[in-house]
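Undergrad: Provided below: query-v2.txt, containing compact mmCIF, C-alpha atoms.
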# COMPACT_ATOMS: atom_id res chain seq x y z
CA MET M 478 113.85 137.76 122.73
CA ARG M 479 112.32 135.89 119.80
CA ALA M 480 108.68 134.85 120.01
CA PHE M 481 106.07 133.28 117.73
CA VAL M 482 103.03 135.55 117.39
CA LEU M 483 99.69 134.88 115.71
CA THR M 484 98.56 138.16 114.12
CA GLY M 485 95.28 136.86 112.65
CA PRO M 486 93.70 133.73 111.19
CA GLY M 487 96.43 131.98 109.23
CA ALA M 488 98.83 134.89 109.79
CA TYR M 489 101.91 134.81 112.00
CA GLU M 490 105.36 136.31 112.59
CA VAL M 491 108.44 135.42 114.57
CA GLN M 492 109.04 138.74 116.30
CA GLU M 493 111.78 140.34 118.37
CA LEU M 494 110.07 141.38 121.60
CA PRO M 495 111.26 142.83 124.91
CA ALA M 496 112.32 140.10 127.30
CA PRO M 497 109.84 139.64 130.16
CA VAL M 498 110.57 141.00 133.63
CA ALA M 499 109.43 139.15 136.74
CA GLY M 500 106.83 141.23 138.52
CA PRO M 501 105.78 140.70 142.15
CA GLY M 502 104.91 137.05 142.68
CA GLU M 503 106.22 136.07 139.25
CA VAL M 504 109.16 134.22 137.77
CA VAL M 505 110.80 134.35 134.36
CA VAL M 506 111.50 130.96 132.80
CA ASP M 507 113.99 130.09 130.08
CA VAL M 508 111.75 127.92 127.89
CA GLU M 509 113.30 124.59 126.89
CA ARG M 510 110.42 122.74 125.23
CA VAL M 511 106.88 123.53 124.11
CA GLY M 512 104.23 121.17 122.77
CA VAL M 513 101.98 122.20 119.89
CA CYS M 514 98.38 121.08 120.42
CA GLY M 515 94.98 121.19 118.78
CA THR M 516 94.01 124.34 120.68
CA ASP M 517 96.94 126.19 119.09
CA ALA M 518 95.83 124.99 115.65
CA GLU M 519 92.31 126.29 116.31
CA PHE M 520 93.72 129.70 117.14
CA PHE M 521 95.74 129.53 113.91
CA THR M 522 92.64 128.86 111.81
CA GLY M 523 90.45 131.29 113.76
CA ALA M 524 88.01 128.54 114.76
CA MET M 525 88.75 128.66 118.49
CA ALA M 526 85.57 129.56 120.38
CA TYR M 527 87.36 131.92 122.78
CA LEU M 528 88.07 134.26 119.85
CA HIS M 529 84.34 134.62 119.22
CA GLN M 530 83.41 134.84 122.91
CA GLY M 531 85.77 137.73 123.67
CA HIS M 532 88.12 135.69 125.88
CA SER M 533 91.02 135.86 123.39
CA ALA M 534 92.13 138.20 120.62
CA TYR M 535 94.90 138.66 118.08
CA PRO M 536 97.76 139.34 118.24
CA MET M 537 98.50 136.50 120.62
CA ARG M 538 101.36 134.21 121.56
CA PRO M 539 100.27 130.59 122.01
CA GLY M 540 102.00 127.76 123.85
CA HIS M 541 100.74 126.19 127.07
CA GLU M 542 102.49 122.78 127.19
CA TRP M 543 105.96 123.79 128.32
CA ALA M 544 109.00 123.05 130.44
CA GLY M 545 111.98 125.23 131.31
CA ARG M 546 114.30 126.56 133.95
CA VAL M 547 113.65 129.51 136.29
CA ALA M 548 115.97 132.39 135.34
CA ALA M 549 114.66 135.22 137.55
CA VAL M 550 112.25 135.76 140.42
CA GLY M 551 110.17 138.79 141.35
CA ASP M 552 109.42 140.36 144.70
CA GLY M 553 107.87 137.97 147.18
CA VAL M 554 109.07 134.83 145.40
CA ASP M 555 111.32 132.32 147.18
CA ALA M 556 114.83 132.57 145.70
CA ASP M 557 115.06 128.77 145.90
CA TRP M 558 113.14 128.67 142.61
CA LEU M 559 116.16 130.08 140.77
CA GLY M 560 117.73 127.51 138.48
CA ARG M 561 115.03 124.90 139.09
CA ARG M 562 113.49 123.00 136.22
CA VAL M 563 109.73 123.47 136.12
CA MET M 564 106.51 123.26 134.17
CA GLY M 565 103.48 125.40 134.86
CA ASP M 566 99.73 125.16 135.27
CA THR M 567 97.84 126.66 132.35
CA MET M 568 94.69 127.66 134.25
CA LEU M 569 95.06 130.66 136.55
CA GLY M 570 91.93 131.38 138.58
CA CYS M 571 91.10 134.70 140.20
CA GLY M 572 91.67 133.15 143.62
CA SER M 573 88.70 134.82 145.31
CA CYS M 574 85.50 133.49 143.74
CA ARG M 575 83.47 130.58 145.10
CA ARG M 576 84.97 128.10 142.63
CA CYS M 577 88.54 129.11 143.43
CA ARG M 578 87.89 128.93 147.16
CA ARG M 579 86.59 125.38 146.66
CA GLY M 580 89.73 124.30 144.81
CA ARG M 581 88.26 124.58 141.31
CA ARG M 582 90.39 127.37 139.91
CA HIS M 583 90.48 125.65 136.52
CA VAL M 584 86.78 126.45 136.02
CA CYS M 585 86.90 129.98 137.46
CA GLU M 586 84.73 132.25 135.32
CA ARG M 587 87.43 134.96 135.44
CA ARG M 588 90.36 132.61 134.89
CA ARG M 589 93.23 133.44 132.59
CA GLU M 590 94.96 130.69 130.63
CA VAL M 591 98.61 130.86 129.62
CA GLY M 592 98.84 131.24 125.85
CA ILE M 593 95.07 130.86 125.48
CA ARG M 594 92.77 133.17 127.38
CA GLY M 595 92.81 136.60 128.99
CA GLY M 596 95.78 138.00 127.09
CA LEU M 597 98.44 135.95 128.88
CA PRO M 598 101.42 135.35 126.53
CA GLY M 599 102.29 131.71 125.97
CA ALA M 600 105.51 129.75 125.89
CA LEU M 601 106.34 129.87 122.17
CA ALA M 602 109.18 132.23 122.97
CA GLU M 603 112.65 132.14 124.41
CA GLN M 604 111.35 133.29 127.80
CA LEU M 605 108.04 133.28 129.66
CA ALA M 606 106.79 135.14 132.75
CA VAL M 607 104.28 133.28 134.93
CA PRO M 608 103.06 133.41 138.54
CA ALA M 609 105.28 131.42 140.88
CA SER M 610 102.10 129.90 142.30
CA SER M 611 101.54 128.10 138.98
CA LEU M 612 104.90 126.30 139.00
CA HIS M 613 105.45 122.58 139.48
CA ALA M 614 109.03 121.43 140.06
CA LEU M 615 110.38 118.65 137.84
CA PRO M 616 112.68 115.96 139.27
CA ASP M 617 115.89 115.07 137.45
CA SER M 618 114.25 111.99 135.92
CA VAL M 619 111.69 114.18 134.12
CA ASP M 620 113.59 115.99 131.39
CA ALA M 621 112.32 118.79 129.13
CA VAL M 622 110.66 116.36 126.71
CA LEU M 623 108.62 114.77 129.49
CA GLY M 624 108.12 118.14 131.17
CA ALA M 625 106.38 119.52 128.09
CA LEU M 626 104.12 116.45 128.10
CA VAL M 627 102.94 116.95 131.70
CA GLU M 628 100.11 119.31 130.75
CA PRO M 629 98.44 116.98 128.22
CA GLY M 630 99.28 114.09 130.53
CA GLY M 631 97.43 115.73 133.39
CA ASN M 632 94.29 115.92 131.28
CA ALA M 633 94.67 112.29 130.31
CA LEU M 634 95.32 111.13 133.86
CA ARG M 635 92.14 112.83 135.04
CA ALA M 636 90.18 111.11 132.27
CA ALA M 637 91.67 107.73 133.18
CA ARG M 638 90.82 108.27 136.84
CA ALA M 639 87.27 109.26 135.95
CA ALA M 640 86.96 106.01 133.99
CA ALA M 641 87.81 104.34 137.32
CA PRO M 642 88.67 100.88 136.01
CA GLY M 643 88.64 98.12 138.58
CA PRO M 644 90.41 94.73 138.49
CA GLY M 645 89.47 92.91 135.30
CA ASP M 646 87.67 95.90 133.79
CA ARG M 647 87.78 96.59 130.07
CA ALA M 648 88.12 100.19 128.87
CA LEU M 649 87.71 101.62 125.37
CA VAL M 650 89.32 104.89 124.23
CA LEU M 651 87.87 106.63 121.17
CA GLY M 652 90.51 108.60 119.25
CA PRO M 653 94.19 107.55 119.26
CA GLY M 654 95.61 111.08 119.17
CA THR M 655 97.91 112.54 121.83
CA ILE M 656 95.27 112.71 124.56
CA GLY M 657 93.70 109.37 123.65
CA LEU M 658 97.02 107.56 123.68
CA LEU M 659 97.98 109.17 126.98
CA VAL M 660 94.63 108.11 128.46
CA ALA M 661 95.31 104.58 127.21
CA MET M 662 98.75 104.62 128.83
CA PHE M 663 97.35 105.68 132.19
CA LEU M 664 94.56 103.11 131.95
CA ARG M 665 97.09 100.40 131.14
CA ALA M 666 99.21 101.45 134.11
CA SER M 667 96.13 101.01 136.32
CA GLY M 668 95.74 97.40 135.19
CA ALA M 669 92.77 97.76 132.84
CA GLU M 670 92.40 95.85 129.58
CA VAL M 671 92.68 98.75 127.13
CA HIS M 672 91.07 98.97 123.69
CA LEU M 673 91.40 101.83 121.19
CA LEU M 674 89.14 102.87 118.33
CA GLY M 675 90.40 105.01 115.43
CA THR M 676 89.93 105.66 111.75
CA THR M 677 93.31 105.57 109.98
CA GLU M 678 95.64 102.62 109.65
CA SER M 679 98.63 104.82 110.42
CA SER M 680 97.25 105.91 113.80
CA LEU M 681 96.08 102.40 114.63
CA GLY M 682 99.43 100.95 113.61
CA PHE M 683 101.21 103.44 115.84
CA ALA M 684 98.98 102.43 118.75
CA ARG M 685 99.94 98.80 118.16
CA SER M 686 103.62 99.80 118.19
CA LEU M 687 103.06 101.15 121.72
CA GLY M 688 101.94 97.70 122.84
CA PHE M 689 98.17 98.10 122.53
CA ALA M 690 96.94 94.86 120.98
CA HIS M 691 93.20 95.66 120.99
CA VAL M 692 92.91 98.30 118.27
CA TRP M 693 89.76 98.71 116.17
CA THR M 694 87.87 100.72 113.62
CA ARG M 695 84.20 101.55 114.08
CA ASP M 696 83.27 98.64 111.84
CA SER M 697 85.48 96.09 113.59
CA VAL M 698 85.01 96.91 117.28
CA PRO M 699 84.09 93.63 118.99
CA ASP M 700 80.79 92.95 120.73
CA VAL M 701 82.23 92.74 124.24
CA PRO M 702 81.28 94.66 127.41
CA PHE M 703 83.22 97.88 127.95
CA ASP M 704 83.06 98.93 131.58
CA ALA M 705 84.34 102.41 130.69
CA VAL M 706 84.50 104.39 127.46
CA VAL M 707 86.56 107.56 127.05
CA ASP M 708 85.81 109.85 124.11
CA ALA M 709 89.08 111.63 123.29
CA SER M 710 88.09 112.38 119.70
CA ASN M 711 86.98 115.52 117.88
CA ALA M 712 84.14 113.79 116.02
CA ALA M 713 80.61 115.00 116.77
CA SER M 714 79.18 111.51 116.24
CA LEU M 715 81.36 109.68 118.76
CA PRO M 716 79.90 110.90 122.09
CA ASP M 717 76.70 109.04 121.23
CA LEU M 718 78.67 106.00 120.06
CA ALA M 719 80.47 106.00 123.41
CA LEU M 720 77.09 105.78 125.15
CA GLU M 721 76.03 103.01 122.81
CA LEU M 722 79.15 100.95 123.52
CA VAL M 723 79.45 101.36 127.28
CA GLU M 724 78.21 98.54 129.51
CA PRO M 725 75.08 99.29 131.61
CA GLY M 726 76.18 100.61 134.96
CA GLY M 727 79.49 101.69 133.41
CA ARG M 728 81.29 105.00 133.10
CA LEU M 729 81.59 107.50 130.27
CA VAL M 730 84.31 110.16 130.13
CA TYR M 731 84.19 113.03 127.67
CA ILE M 732 87.46 114.88 127.12
CA GLY M 733 87.43 115.44 123.35
CA LEU M 734 85.78 118.49 121.77
CA ALA M 735 84.11 118.49 118.37
CA GLY M 736 83.90 121.52 116.12
CA GLU M 737 80.10 121.32 116.16
CA PRO M 738 77.56 120.27 118.78
CA SER M 739 77.27 116.55 119.45
CA LYS M 740 74.13 114.75 120.57
CA VAL M 741 73.68 112.22 123.35
CA ASP M 742 70.33 110.55 124.00
CA THR M 743 69.88 110.99 127.72
CA ARG M 744 67.12 108.38 127.70
CA THR M 745 69.81 105.81 126.97
CA LEU M 746 72.03 107.33 129.64
CA VAL M 747 69.28 106.89 132.21
CA LEU M 748 68.10 103.46 131.11
CA LYS M 749 71.68 102.13 131.14
CA ASP M 750 72.33 103.75 134.56
CA VAL M 751 75.59 105.21 133.24
CA THR M 752 77.83 107.71 135.01
CA ALA M 753 79.11 110.42 132.63
CA THR M 754 81.96 112.82 133.42
CA GLY M 755 83.41 115.78 131.53
CA VAL M 756 87.10 116.64 131.96
CA LEU M 757 88.53 120.12 131.45
CA SER M 758 92.09 121.00 132.40
CA ALA M 759 95.12 119.18 133.69
CA SER M 760 95.34 121.33 136.82
CA PRO M 761 94.21 118.78 139.44
CA GLY M 762 96.36 116.05 137.85
CA LEU M 763 99.73 117.71 137.28
CA ASP M 764 101.61 116.44 140.33
CA ALA M 765 100.41 112.85 139.86
CA THR M 766 101.42 113.00 136.19
CA ILE M 767 104.92 114.15 137.11
CA ARG M 768 105.19 111.24 139.55
CA ALA M 769 104.04 108.74 136.91
CA TYR M 770 106.62 110.03 134.43
CA ALA M 771 109.33 110.06 137.10
CA ASP M 772 108.76 106.45 138.18
CA GLY M 773 108.40 105.21 134.60
CA SER M 774 104.90 103.79 134.99
CA VAL M 775 103.92 105.94 132.00
CA ASP M 776 106.41 106.87 129.27
CA PRO M 777 104.97 109.20 126.61
CA ARG M 778 108.25 109.95 124.81
CA PRO M 779 107.31 107.92 121.70
CA LEU M 780 104.41 110.31 121.07
CA VAL M 781 106.83 113.08 120.03
CA ALA M 782 107.30 112.82 116.26
CA ALA M 783 109.61 115.80 115.71
CA THR M 784 111.13 118.86 117.34
CA VAL M 785 111.33 122.14 115.42
CA GLY M 786 112.34 125.76 116.01
CA LEU M 787 110.16 128.88 116.20
CA ASP M 788 110.54 129.54 112.48
CA ASP M 789 108.82 126.24 111.68
CA VAL M 790 105.81 126.61 113.99
CA GLY M 791 103.56 128.26 111.40
CA PRO M 792 103.66 125.37 108.93
CA VAL M 793 103.08 122.90 111.79
CA LEU M 794 99.96 124.82 112.86
CA ALA M 795 98.83 124.76 109.24
CA GLY M 796 98.95 120.97 109.34
CA GLU M 797 102.32 120.24 107.73
CA ARG M 798 104.44 117.40 109.10
CA PRO M 799 108.12 118.33 109.49
CA ALA M 800 110.52 116.45 107.26
CA GLY M 801 111.76 113.27 108.90
CA SER M 802 108.92 113.13 111.44
CA GLY M 803 108.30 109.91 113.29
CA PRO M 804 104.87 108.30 113.53
CA GLY M 805 103.75 109.98 116.77
CA PRO M 806 101.05 112.67 116.91
CA LYS M 807 102.92 115.34 118.91
CA ILE M 808 105.25 118.06 117.61
CA HIS M 809 107.59 119.83 120.02
CA VAL M 810 109.32 123.20 119.71
CA GLU M 811 112.71 124.26 121.07
CA PRO M 812 112.50 128.08 121.19
As structure tokens, what does this structure read like?
TA:
Amino acid sequence: MRAFVLTGPGAYEVQELPAPVAGPGEVVVDVERVGVCGTDAEFFTGAMAYLHQGHSAYPMRPGHEWAGRVAAVGDGVDADWLGRRVMGDTMLGCGSCRRCRRGRRHVCERRREVGIRGGLPGALAEQLAVPASSLHALPDSVDAVLGALVEPGGNALRAARAAAPGPGDRALVLGPGTIGLLVAMFLRASGAEVHLLGTTESSLGFARSLGFAHVWTRDSVPDVPFDAVVDASNAASLPDLALELVEPGGRLVYIGLAGEPSKVDTRTLVLKDVTATGVLSASPGLDATIRAYADGSVDPRPLVAATVGLDDVGPVLAGERPAGSGPGPKIHVEP
């Protein structure tokens, strides 16, 4: 099969590799769609922290936002999975530690992550082998495009739930990228008045095209109470701005990661009596995200700007926009 392989920082090949075989407890999936995300770009540049912490190493095959159809099952796997359309959890805990036993496999110290951590090959290939226990079935109304958006959507849904907007609440999302826009969509579906803060007119204009009327820059954000603020940016200065903007007694959610340490004045956190939450992983939110896509309460399709093949993944990771791309932030791959 053909697969996209990162061989070092800025170096890659599309290789012919042996097709995967389903081991005990595993399935092989024919990959239909894969999303390219910021984590993949960090692996491309060599900036990803896991590379320096010993959790990941080149050569590696990225790709963790995927959808496909089960083509083969291994020993111990229900044959009913054959032919079913699925997506899969990225975070695979050890299953035996205290965190896993308490339902927190996504923060297991010994976890492996598909296409990211622990040497597990990712989905930027024609086929992918994963544990059957990681699968989530997709209904007919959730096609491959939506299926490959479930993983980022699960992260966003968890952030929106942590913001916990009530009737009449006003929520502000910092960073109108893929995750920020998805958070805004889930917040809107919950009934909140949603505001977005960004830096470029193109990203803000795209947010307006999605029906978000309250779109601001840092200089223009209005002096109104924000009951919840979600930082979905990669700017080291914005976590503190989020604390500055949130209403006393409100809620802060941090889901974005900056390339350098950010600072938050905990004195302000205490004196404003703010609840702050960090969100890592879509795992606890995957099923609810699939339901939201299936019933149409959230439709992230406009976020996909272009779909390319494996041969075009390298330039995308290097920051190039495919010719004819739409205005959305997400690039998909059809292996």
Undergrad: Quick one: distance from atom CA of M:Val513 to atom CA of M:Gly736 in Å, one decimal?
TA: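 Between these atoms lies a distance of 18.5 Å.
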Undergrad: Please report the interatomic distance between atom CA of M:Glu724 and atom CA of M:Arg685 in Å with one decimal.
TA: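 For atom CA of M:Glu724 relative to atom CA of M:Arg685, the distance reads 24.5 Å.
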Undergrad: Go ahead and compute the interatomic distance for atom CA of M:His809 and atom CA of M:Arg510, in Å to one decimal.
TA: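 If I compute the distance from atom CA of M:His809 to atom CA of M:Arg510, I get 6.6 Å.
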Undergrad: Between M:Leu649, M:Met564, M:Val660, M:Leu787, which residue has the minimum interatomic distance to M:Glu628, considering all atoms listed in the file?
TA: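 Ranking M:Leu649, M:Met564, M:Val660, M:Leu787 by distance to M:Glu628, first place goes to M:Met564.
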Undergrad: What lies within 10 Å of M:Val619 using all atoms listed in the file, ignoring chain neighbours under 2 positions off, as a PDB file with C-alpha atoms, keeping the file's coordinate frame?
TA:
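around.pdb, freshly written:
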ATOM      1  CA  ALA M 544     109.000 123.050 130.440  1.00  0.00           C
ATOM      2  CA  ARG M 562     113.490 123.000 136.220  1.00  0.00           C
ATOM      3  CA  VAL M 563     109.730 123.470 136.120  1.00  0.00           C
ATOM      4  CA  ALA M 614     109.030 121.430 140.060  1.00  0.00           C
ATOM      5  CA  LEU M 615     110.380 118.650 137.840  1.00  0.00           C
ATOM      6  CA  PRO M 616     112.680 115.960 139.270  1.00  0.00           C
ATOM      7  CA  ASP M 617     115.890 115.070 137.450  1.00  0.00           C
ATOM      8  CA  ALA M 621     112.320 118.790 129.130  1.00  0.00           C
ATOM      9  CA  VAL M 622     110.660 116.360 126.710  1.00  0.00           C
ATOM     10  CA  LEU M 623     108.620 114.770 129.490  1.00  0.00           C
ATOM     11  CA  GLY M 624     108.120 118.140 131.170  1.00  0.00           C
ATOM     12  CA  ALA M 625     106.380 119.520 128.090  1.00  0.00           C
ATOM     13  CA  LEU M 626     104.120 116.450 128.100  1.00  0.00           C
ATOM     14  CA  VAL M 627     102.940 116.950 131.700  1.00  0.00           C
ATOM     15  CA  ILE M 767     104.920 114.150 137.110  1.00  0.00           C
ATOM     16  CA  ARG M 768     105.190 111.240 139.550  1.00  0.00           C
ATOM     17  CA  ALA M 769     104.040 108.740 136.910  1.00  0.00           C
ATOM     18  CA  TYR M 770     106.620 110.030 134.430  1.00  0.00           C
ATOM     19  CA  ALA M 771     109.330 110.060 137.100  1.00  0.00           C
ATOM     20  CA  ASP M 772     108.760 106.450 138.180  1.00  0.00           C
ATOM     21  CA  GLY M 773     108.400 105.210 134.600  1.00  0.00           C
TER      22      GLY M 773
END
Undergrad: Measuring between all atoms listed in the file, which one of M:Asp704, M:Asp620, M:Asp696, M:Glu519 shows the shortest distance to M:Ala641?
TA: M:Asp704
Undergrad: Can you tell me which residues surround M:Ala524 at a distance of at most 12 Å, considering all atoms listed in the file, apart from same-chain residues fewer than 5 positions away, and format the answer as a list in words?
TA: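 Result of the neighbour search: Gly485, Pro486, Gly487, Gly515, Thr516, Asp517, Ala518, Glu519, His529, Gln530, Ser533, Ala735, Gly736 and Glu737 of chain M.
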Undergrad: For the residues in that selection, give me C-alpha atoms as a compact mmCIF listing (two decimals), keeping the file's coordinate frame.
TA:
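Saved as selection_20.txt:
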# COMPACT_ATOMS: atom_id res chain seq x y z
CA GLY M 485 95.28 136.86 112.65
CA PRO M 486 93.70 133.73 111.19
CA GLY M 487 96.43 131.98 109.23
CA GLY M 515 94.98 121.19 118.78
CA THR M 516 94.01 124.34 120.68
CA ASP M 517 96.94 126.19 119.09
CA ALA M 518 95.83 124.99 115.65
CA GLU M 519 92.31 126.29 116.31
CA HIS M 529 84.34 134.62 119.22
CA GLN M 530 83.41 134.84 122.91
CA SER M 533 91.02 135.86 123.39
CA ALA M 735 84.11 118.49 118.37
CA GLY M 736 83.90 121.52 116.12
CA GLU M 737 80.10 121.32 116.16
Undergrad: Would you mind completing stretch 769-779 of chain M to all heavy atoms and writing the output as a PDB file, in the frame of the given file?
TA:
ATOM      1  N   ALA M 769     104.131 109.902 137.810  1.00  0.00           N
ATOM      2  CA  ALA M 769     104.040 108.740 136.910  1.00  0.00           C
ATOM      3  C   ALA M 769     105.159 108.754 135.878  1.00  0.00           C
ATOM      4  O   ALA M 769     105.715 107.700 135.537  1.00  0.00           O
ATOM      5  CB  ALA M 769     102.675 108.734 136.214  1.00  0.00           C
ATOM      6  N   TYR M 770     105.506 109.928 135.373  1.00  0.00           N
ATOM      7  CA  TYR M 770     106.620 110.030 134.430  1.00  0.00           C
ATOM      8  C   TYR M 770     107.942 109.733 135.138  1.00  0.00           C
ATOM      9  O   TYR M 770     108.827 109.078 134.574  1.00  0.00           O
ATOM     10  CB  TYR M 770     106.682 111.421 133.821  1.00  0.00           C
ATOM     11  CG  TYR M 770     105.561 111.780 132.865  1.00  0.00           C
ATOM     12  CD1 TYR M 770     105.497 113.050 132.302  1.00  0.00           C
ATOM     13  CD2 TYR M 770     104.564 110.874 132.531  1.00  0.00           C
ATOM     14  CE1 TYR M 770     104.482 113.404 131.420  1.00  0.00           C
ATOM     15  CE2 TYR M 770     103.543 111.220 131.657  1.00  0.00           C
ATOM     16  CZ  TYR M 770     103.509 112.497 131.107  1.00  0.00           C
ATOM     17  OH  TYR M 770     102.506 112.840 130.236  1.00  0.00           O
ATOM     18  N   ALA M 771     108.071 110.225 136.372  1.00  0.00           N
ATOM     19  CA  ALA M 771     109.330 110.060 137.100  1.00  0.00           C
ATOM     20  C   ALA M 771     109.589 108.601 137.450  1.00  0.00           C
ATOM     21  O   ALA M 771     110.745 108.139 137.385  1.00  0.00           O
ATOM     22  CB  ALA M 771     109.306 110.909 138.381  1.00  0.00           C
ATOM     23  N   ASP M 772     108.537 107.852 137.800  1.00  0.00           N
ATOM     24  CA  ASP M 772     108.760 106.450 138.180  1.00  0.00           C
ATOM     25  C   ASP M 772     108.678 105.495 136.991  1.00  0.00           C
ATOM     26  O   ASP M 772     108.866 104.281 137.147  1.00  0.00           O
ATOM     27  CB  ASP M 772     107.804 106.017 139.302  1.00  0.00           C
ATOM     28  CG  ASP M 772     106.330 105.984 138.899  1.00  0.00           C
ATOM     29  OD1 ASP M 772     106.023 105.863 137.696  1.00  0.00           O
ATOM     30  OD2 ASP M 772     105.464 106.080 139.796  1.00  0.00           O
ATOM     31  N   GLY M 773     108.390 106.022 135.811  1.00  0.00           N
ATOM     32  CA  GLY M 773     108.400 105.210 134.600  1.00  0.00           C
ATOM     33  C   GLY M 773     107.145 104.391 134.369  1.00  0.00           C
ATOM     34  O   GLY M 773     107.090 103.616 133.406  1.00  0.00           O
ATOM     35  N   SER M 774     106.123 104.559 135.208  1.00  0.00           N
ATOM     36  CA  SER M 774     104.900 103.790 134.990  1.00  0.00           C
ATOM     37  C   SER M 774     104.184 104.224 133.721  1.00  0.00           C
ATOM     38  O   SER M 774     103.421 103.440 133.135  1.00  0.00           O
ATOM     39  CB  SER M 774     103.978 103.903 136.207  1.00  0.00           C
ATOM     40  OG  SER M 774     103.674 105.249 136.510  1.00  0.00           O
ATOM     41  N   VAL M 775     104.414 105.450 133.290  1.00  0.00           N
ATOM     42  CA  VAL M 775     103.920 105.940 132.000  1.00  0.00           C
ATOM     43  C   VAL M 775     105.066 106.643 131.302  1.00  0.00           C
ATOM     44  O   VAL M 775     105.712 107.521 131.879  1.00  0.00           O
ATOM     45  CB  VAL M 775     102.727 106.913 132.186  1.00  0.00           C
ATOM     46  CG1 VAL M 775     102.351 107.568 130.850  1.00  0.00           C
ATOM     47  CG2 VAL M 775     101.528 106.189 132.782  1.00  0.00           C
ATOM     48  N   ASP M 776     105.341 106.251 130.051  1.00  0.00           N
ATOM     49  CA  ASP M 776     106.410 106.870 129.270  1.00  0.00           C
ATOM     50  C   ASP M 776     105.855 107.357 127.939  1.00  0.00           C
ATOM     51  O   ASP M 776     105.657 106.577 127.007  1.00  0.00           O
ATOM     52  CB  ASP M 776     107.545 105.873 129.014  1.00  0.00           C
ATOM     53  CG  ASP M 776     108.680 106.492 128.200  1.00  0.00           C
ATOM     54  OD1 ASP M 776     108.667 107.729 128.006  1.00  0.00           O
ATOM     55  OD2 ASP M 776     109.572 105.750 127.754  1.00  0.00           O
ATOM     56  N   PRO M 777     105.577 108.671 127.833  1.00  0.00           N
ATOM     57  CA  PRO M 777     104.970 109.200 126.610  1.00  0.00           C
ATOM     58  C   PRO M 777     105.969 109.660 125.559  1.00  0.00           C
ATOM     59  O   PRO M 777     105.555 110.236 124.540  1.00  0.00           O
ATOM     60  CB  PRO M 777     104.169 110.387 127.144  1.00  0.00           C
ATOM     61  CG  PRO M 777     105.028 110.912 128.254  1.00  0.00           C
ATOM     62  CD  PRO M 777     105.686 109.703 128.888  1.00  0.00           C
ATOM     63  N   ARG M 778     107.255 109.438 125.766  1.00  0.00           N
ATOM     64  CA  ARG M 778     108.250 109.950 124.810  1.00  0.00           C
ATOM     65  C   ARG M 778     107.976 109.547 123.361  1.00  0.00           C
ATOM     66  O   ARG M 778     108.173 110.361 122.448  1.00  0.00           O
ATOM     67  CB  ARG M 778     109.650 109.464 125.201  1.00  0.00           C
ATOM     68  CG  ARG M 778     110.176 109.995 126.501  1.00  0.00           C
ATOM     69  CD  ARG M 778     111.509 109.311 126.830  1.00  0.00           C
ATOM     70  NE  ARG M 778     111.945 109.596 128.171  1.00  0.00           N
ATOM     71  CZ  ARG M 778     112.658 110.662 128.519  1.00  0.00           C
ATOM     72  NH1 ARG M 778     113.008 111.526 127.588  1.00  0.00           N
ATOM     73  NH2 ARG M 778     113.005 110.855 129.765  1.00  0.00           N
ATOM     74  N   PRO M 779     107.525 108.299 123.099  1.00  0.00           N
ATOM     75  CA  PRO M 779     107.310 107.920 121.700  1.00  0.00           C
ATOM     76  C   PRO M 779     106.256 108.752 120.975  1.00  0.00           C
ATOM     77  O   PRO M 779     106.192 108.715 119.738  1.00  0.00           O
ATOM     78  CB  PRO M 779     106.874 106.454 121.795  1.00  0.00           C
ATOM     79  CG  PRO M 779     107.430 105.971 123.094  1.00  0.00           C
ATOM     80  CD  PRO M 779     107.345 107.146 124.012  1.00  0.00           C
TER      81      PRO M 779
END
